Amino acid sequence: MKRFLPWVLLFALLIGASSSAFVIDERELAIVTQFGQHKRSIEAPGLYFKLPWQDVTRMERRVLSSDSPSGRMLTKDKKYLVADPVTRWRIQDPLLFYKTVGNDVQARQRIDDIVLSELRRELATENFGDIIGNEREPLMQKVGEAVRTRVKEFGVDIVDVRIKRADLPPEVQKSVFERMKAERERVAKRYRSEGSEEAQKIRADTDKEKRILLAKAYETEQKLKGDGDAVSAKIYAEAFNKDPEFYAFLRSLQAYEKTLGKKDSLVLSSKSELFRYLKAPKK
């Protein structure tokens, strides 16, 4: 029996050593406690040892993310906004974290409550248009700083706070869309009205130009006609002066053409001057 005792002791020693050794990798932080009392904090990766009756609590060294539940918030210009914030954070003080919140689940709940509170407070100082526009970045920086200050007591550091989604409440969205639709229709109606006015103006200008061109053409026509009549009268006058008898004969022929060429009946005396050149000359 005595000769097996060393082996039993060696086996017990190996069991104790295996339960006392532990490894912390680069993704972890840890604290060692004994009967609930803190003994040491471990922040560097490596192989460590503890007493068999001591406990090791492991924590995340990596950046953690927390998606806060959607919150209905009121802006400075009295408009409601539904925001979904997301927070990235890391454990900075393992012992303080262990004493105040204990684990990731409790930490997320506390952080979410603080983020929603600070976000609601900051949104109340900004107008809706600024929140959804270019002013969101400085606003979220303010929220991040406020949250960072408050969560230091948990041994936590805030990396950043962002708004994942920011929308109007469903009932407000409908009214906004209706107003947008009405505005688009009003603009379209205005454009159609302006287009109709422009078309009428173009038609009026075209009609005016048409009347001006017709008037100028008529004026030119009358001028040419007058010039032609003047030339014709001059030619007739010259012909009359050169040979009055021939001129009288020519004018009679023109009268025959205008008078006798019609289908109307005409009764004239044989002594009428109209037939003077149709009679046989006296011998």
# chains A, B, ... in the order shown; residues from 1 in each chain; ligands from 1
>>> select_by_dssp(residues="stretch 13-257 of chain A", states="alpha helix (DSSP H)", output="PyMOL selection string")
chain A and resi 13-20+94-100+104-123+128-131+136-151+170-242+244-257
>>> write_last_selection(atoms="C-alpha atoms", output="short mmCIF file (atom, residue, chain, number, x, y, z; two decimals), in the first residue's frame")
data_model
loop_
_atom_site.label_atom_id
_atom_site.label_comp_id
_atom_site.auth_asym_id
_atom_site.auth_seq_id
_atom_site.Cartn_x
_atom_site.Cartn_y
_atom_site.Cartn_z
CA LEU A 13 -0.80 16.78 -7.80
CA LEU A 14 -1.39 16.49 -11.54
CA ILE A 15 -5.13 16.89 -11.06
CA GLY A 16 -4.55 19.93 -8.89
CA ALA A 17 -2.08 21.43 -11.36
CA SER A 18 -4.46 20.91 -14.27
CA SER A 19 -7.27 22.61 -12.37
CA SER A 20 -4.97 25.46 -11.37
CA PRO A 94 -12.56 44.24 -15.66
CA LEU A 95 -12.90 44.51 -11.88
CA LEU A 96 -15.23 47.52 -11.99
CA PHE A 97 -17.25 45.85 -14.74
CA TYR A 98 -17.57 42.68 -12.65
CA LYS A 99 -18.65 44.57 -9.54
CA THR A 100 -21.20 46.89 -11.19
CA ASP A 104 -22.42 41.38 -20.97
CA VAL A 105 -26.19 40.95 -20.80
CA GLN A 106 -26.60 43.29 -17.86
CA ALA A 107 -24.11 45.73 -19.36
CA ARG A 108 -26.03 45.93 -22.64
CA GLN A 109 -29.27 46.63 -20.84
CA ARG A 110 -27.76 49.45 -18.79
CA ILE A 111 -25.98 50.95 -21.80
CA ASP A 112 -29.13 50.82 -23.96
CA ASP A 113 -31.11 52.69 -21.30
CA ILE A 114 -28.45 55.40 -21.06
CA VAL A 115 -28.11 55.74 -24.86
CA LEU A 116 -31.86 56.18 -25.36
CA SER A 117 -32.00 58.71 -22.53
CA GLU A 118 -29.13 60.82 -23.89
CA LEU A 119 -30.34 60.53 -27.48
CA ARG A 120 -33.82 61.68 -26.48
CA ARG A 121 -32.32 64.64 -24.62
CA GLU A 122 -30.14 65.72 -27.57
CA LEU A 123 -32.87 65.28 -30.19
CA PHE A 128 -36.11 67.39 -37.57
CA GLY A 129 -34.48 68.58 -40.80
CA ASP A 130 -31.07 68.92 -39.12
CA ILE A 131 -31.29 65.44 -37.62
CA ARG A 136 -26.51 64.25 -37.47
CA GLU A 137 -22.78 63.60 -37.09
CA PRO A 138 -22.04 66.35 -34.51
CA LEU A 139 -25.27 65.45 -32.70
CA MET A 140 -24.20 61.81 -32.34
CA GLN A 141 -20.77 62.92 -31.13
CA LYS A 142 -22.49 64.81 -28.32
CA VAL A 143 -24.56 61.74 -27.48
CA GLY A 144 -21.43 59.56 -27.49
CA GLU A 145 -19.58 61.87 -25.11
CA ALA A 146 -22.52 62.03 -22.71
CA VAL A 147 -22.92 58.24 -22.72
CA ARG A 148 -19.16 57.74 -22.28
CA THR A 149 -19.18 59.88 -19.16
CA ARG A 150 -22.07 57.98 -17.61
CA VAL A 151 -20.83 54.43 -18.31
CA PRO A 170 -46.15 55.26 -39.44
CA GLU A 171 -49.13 57.57 -38.89
CA VAL A 172 -46.95 60.62 -39.55
CA GLN A 173 -45.34 59.05 -42.62
CA LYS A 174 -48.74 58.76 -44.29
CA SER A 175 -49.58 62.43 -43.76
CA VAL A 176 -46.10 63.48 -44.94
CA PHE A 177 -46.43 61.37 -48.10
CA GLU A 178 -49.85 62.90 -48.76
CA ARG A 179 -48.41 66.41 -48.40
CA MET A 180 -45.52 65.49 -50.70
CA LYS A 181 -47.96 64.10 -53.26
CA ALA A 182 -50.11 67.24 -53.09
CA GLU A 183 -47.02 69.42 -53.48
CA ARG A 184 -45.86 67.45 -56.53
CA GLU A 185 -49.32 67.75 -58.08
CA ARG A 186 -49.35 71.48 -57.39
CA VAL A 187 -45.96 71.91 -59.05
CA ALA A 188 -47.03 69.77 -62.03
CA LYS A 189 -50.22 71.82 -62.40
CA ARG A 190 -48.21 75.04 -62.29
CA TYR A 191 -45.83 73.75 -64.97
CA ARG A 192 -48.78 72.72 -67.16
CA SER A 193 -50.37 76.14 -66.68
CA GLU A 194 -47.12 77.91 -67.51
CA GLY A 195 -46.73 75.68 -70.56
CA SER A 196 -50.27 76.49 -71.73
CA GLU A 197 -49.65 80.21 -71.27
CA GLU A 198 -46.40 79.95 -73.21
CA ALA A 199 -48.16 78.04 -76.01
CA GLN A 200 -50.87 80.72 -76.20
CA LYS A 201 -48.21 83.40 -76.28
CA ILE A 202 -46.40 81.63 -79.11
CA ARG A 203 -49.64 81.25 -81.07
CA ALA A 204 -50.50 84.91 -80.50
CA ASP A 205 -47.03 85.98 -81.65
CA THR A 206 -47.36 83.73 -84.71
CA ASP A 207 -50.78 85.16 -85.59
CA LYS A 208 -49.42 88.68 -85.15
CA GLU A 209 -46.46 87.96 -87.44
CA LYS A 210 -48.87 86.37 -89.94
CA ARG A 211 -51.08 89.48 -89.97
CA ILE A 212 -48.06 91.73 -90.36
CA LEU A 213 -46.72 89.66 -93.27
CA LEU A 214 -50.15 89.61 -94.99
CA ALA A 215 -50.52 93.35 -94.52
CA LYS A 216 -47.07 93.96 -96.00
CA ALA A 217 -47.84 91.61 -98.90
CA TYR A 218 -51.15 93.38 -99.57
CA GLU A 219 -49.43 96.74 -99.38
CA THR A 220 -46.79 95.57 -101.84
CA GLU A 221 -49.49 94.12 -104.11
CA GLN A 222 -51.47 97.36 -104.12
CA LYS A 223 -48.33 99.36 -104.76
CA LEU A 224 -47.37 97.14 -107.70
CA LYS A 225 -50.93 97.27 -109.00
CA GLY A 226 -50.97 101.03 -108.70
CA ASP A 227 -47.63 101.27 -110.44
CA GLY A 228 -48.94 98.98 -113.20
CA ASP A 229 -52.11 101.01 -113.62
CA ALA A 230 -50.06 104.18 -113.78
CA VAL A 231 -47.80 102.70 -116.46
CA SER A 232 -50.83 101.41 -118.35
CA ALA A 233 -52.53 104.79 -118.16
CA LYS A 234 -49.37 106.45 -119.37
CA ILE A 235 -49.13 104.07 -122.31
CA TYR A 236 -52.76 104.67 -123.20
CA ALA A 237 -52.28 108.43 -122.93
CA GLU A 238 -49.26 108.31 -125.19
CA ALA A 239 -51.17 106.15 -127.67
CA PHE A 240 -54.10 108.56 -127.62
CA ASN A 241 -51.85 111.52 -128.25
CA LYS A 242 -50.18 109.78 -131.20
CA PRO A 244 -56.65 109.37 -131.22
CA GLU A 245 -58.73 107.49 -133.75
CA PHE A 246 -56.85 104.20 -133.22
CA TYR A 247 -57.03 104.66 -129.46
CA ALA A 248 -60.80 105.13 -129.68
CA PHE A 249 -61.05 101.97 -131.82
CA LEU A 250 -58.98 99.96 -129.30
CA ARG A 251 -61.12 101.13 -126.39
CA SER A 252 -64.25 100.13 -128.32
CA LEU A 253 -62.89 96.61 -128.82
CA GLN A 254 -62.24 96.36 -125.09
CA ALA A 255 -65.80 97.50 -124.43
CA TYR A 256 -67.14 94.85 -126.87
CA GLU A 257 -65.20 92.18 -125.02
#
>>> residues_around(residues="A:Tyr80", least_positions_apart="3", cutoff="8 Å", atoms="only C-alpha atoms", output="ChimeraX atom specification")
/A:72-75,168-169
>>> residues_around(residues="A:Lys164", least_positions_apart="3", cutoff="9 Å", atoms="only C-alpha atoms", output="list of chain:residue names")
A:Asp67, A:Ala83, A:Asp84, A:Pro85, A:Val86
>>> write_last_selection(atoms="C-alpha atoms", output="PDB file, in the first residue's frame")
ATOM      1  CA  ASP A  67     -28.536  47.497 -30.737  1.00  0.00           C
ATOM      2  CA  ALA A  83     -34.718  56.103 -33.988  1.00  0.00           C
ATOM      3  CA  ASP A  84     -32.758  52.840 -33.767  1.00  0.00           C
ATOM      4  CA  PRO A  85     -29.380  53.614 -32.157  1.00  0.00           C
ATOM      5  CA  VAL A  86     -26.462  51.190 -32.185  1.00  0.00           C
TER       6      VAL A  86
END
>>> select_by_dssp(residues="stretch 41-133 of chain A", states="strand (DSSP E or B)", output="ChimeraX atom specification")
/A:41-42,46-49,55-60,64-67,71-74,80-91
>>> atom_distance(atom1="atom CA of A:Glu135", atom2="atom CA of A:Trp89")
23.2 Å
>>> closest_residue(among="A:Ala30, A:Leu81, A:Val101, A:Ile42", to="A:Thr57", atoms="only C-alpha atoms")
A:Ala30
>>> atom_distance(atom1="atom CA of A:Glu126", atom2="atom CA of A:Lys76")
5.1 Å
>>> atom_distance(atom1="atom CA of A:Glu43", atom2="atom CA of A:Arg162")
28.3 Å
>>> residues_around(residues="A:Arg58", least_positions_apart="6", cutoff="8 Å", atoms="only C-alpha atoms", output="number ranges by chain")
A: 28-31
>>> closest_residue(among="A:Asp55, A:Asp25, A:Glu153, A:Asp77", to="A:Ile91", atoms="only C-alpha atoms")
A:Glu153
>>> residues_around(residues="A:Ile24", least_positions_apart="5", cutoff="8 Å", atoms="only C-alpha atoms", output="NGL selection string")
:A and (29-30 or 44-48)
>>> closest_residue(among="A:Ala166, A:Leu64, A:Leu51, A:Val56", to="A:Arg27", atoms="only C-alpha atoms")
A:Leu64
